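*Asks:* Have a look at the structure that comes next, please.
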Amino acid sequence: MELVFVHGWNVRNTDTYGELPSRLEQELARRGQPSSVDHIYLGKYVNLNDEVTIDDLSLAFERAVRDKGLTNFACITHSTGGPLVRAWIRQHGGRGLSHLIMLAPANHGSALAQLGKGRLGRVAAFFESVEPGQKILDWLELGSEEQWRQNVDWLDFDGSSLGVFAFSLIGQSIDRKFYDHLNSYTGEPGSDGVVRVAAANLNYDFVRLWQQDDGGLAPVAWRRSASTALGILPGISHGGPDRGIMKSVTLENSHPTVDAILESLAVRNEAEYEALVERWRLASARVQASERVDRWRVLGRDFVNQNPAHSMAVFRVVDDRGRLIEDFDLRFTAGAEASPELLPQGVFRDRQRNSAHPGRLTFYLDHEKLESVPIGFEAVARPSEGIVRYEPARIAPLALGAILRPNETILIEIVLRRVVDRLCFQLTESRVPEAI
């Protein structure tokens, strides 16, 4: 088996992955599993500029796989590399791939992407200090159109039944050397400083809610992804030589990334994969329990970082003709009175509207607080009055904590009825004069 490491953004050497490739080759040889390490530098195949898209990179990857004649390989990616190779699988078939091992993959985007190229260049941990083009950042922004399409499309993919095994590995510790005091996302609970656990996880749901005549929202479609392995690694952050998921690996140290990758590569059939999914689920729960409180010191002050499980909800609002509605408000309510004043304090960690597609709204929620009280919501789109309008749509408070699973994302599409008043067009009778 060949191990293929995906590089991009004009990287021309293996420094991106540090000593991880050599360490894996060494460990596999020690176990009597001969392997070779190869590298694909996407910069050789595509001029990486602001016009390059994820689809362009997936085509470049297909050409690279063909040029190298790869027929049996495991692919190890970091950050955006995960969505890139997933795009390649869906568009080009994934020929020759047996294992896709994603390290801190931004499968559902990154909250940092909205900062833009200039500010991201000052966040050292982002992409290991290598800045991507604008179209890639557009894809990575929470709730982007392209990201939504890829994740809805991926719901039909059951890799383990096809012999392609996918794994997501991420930490939720923060390396304070990379903490940006002007941007709280770099110290966000439930993330590795760049990518949220819920955004890395490929276990997720899609639900379409249709507005009824009485204004209530009822589910008309509900789909669940195939079960996918998620491992939350202890003490690991997105980047950096001390705690980074890749760069902190050496040829000798005991390292959870190495252990998890080797465990992934040992999977050979669907039964072994399902057993690993369950082992990692239990191990990840233990990691979250042990890292629940992480004390750290910044500028001479002590902070306590509560690190419970979080959930992410991405809303897309359209009308019953399929047109994206951009001007709307989404208001959450709680309790039997369906009042926003009864919402648990601190349940919403973050709210971000996609800058290119304002009809996308992403909420980041503390899952434990989400479970404490029934929660519902109301969507109010504009125009809300006049001869062409949208009526408010609502869903009564329910056990949202049971629907939004911990460490997962849910894609919620709300379909509103576009009301066209009878006054918009009328036919009137006219009498024809009688002939004289």
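Numbering starts fresh at 1 for the residues of each chain in the structure tokens, the chains themselves are lettered A, B, ... in the order given, and ligands are numbered from 1 as they appear.
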Applying 8 Å and only C-alpha atoms, which residues near segment 325-328 of chain A remain after dropping the ones on its own chain fewer than 3 positions away? List them as a list in words.
*Replies:* Val317, Val318, Asp319, His357, Pro358, Gly359, Arg360, Ala379, Val380, Ala381 and Arg382 of chain A
*Asks:* Keeping only C-alpha atoms, take the residues you just selected and write them out as a compact mmCIF listing (two decimals), in the first residue's frame.
*Replies:*
```txt
# COMPACT_ATOMS: atom_id res chain seq x y z
CA VAL A 317 -34.10 29.44 3.71
CA VAL A 318 -35.81 29.17 0.31
CA ASP A 319 -39.32 29.74 -1.00
CA HIS A 357 -24.97 33.87 0.44
CA PRO A 358 -26.88 35.70 3.19
CA GLY A 359 -29.59 33.04 2.96
CA ARG A 360 -27.25 30.79 4.97
CA ALA A 379 -38.45 32.34 10.60
CA VAL A 380 -39.57 35.79 9.45
CA ALA A 381 -38.69 36.62 5.84
CA ARG A 382 -39.14 39.87 3.95
```
*Asks:* How many Å lie between atom CA of Tyr273 of chain A and atom CA of Ala229 of chain A, rounded to one decimal?
*Replies:*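 Between these atoms lies a distance of 7.9 Å.
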*Asks:* Using only C-alpha atoms for the distances, tell me which of A:Ile101, A:Val164, A:Leu416, A:Asp205 is nearest to Ala260 of chain A.
*Replies:*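 Answer, going by the shortest atom-to-atom distance: A:Ile101.
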*Asks:* Would you mind reading off the distance between atom CA of Gln288 of chain A and atom CA of Ala309 of chain A, one decimal, in Å?
*Replies:* 7.3 Å
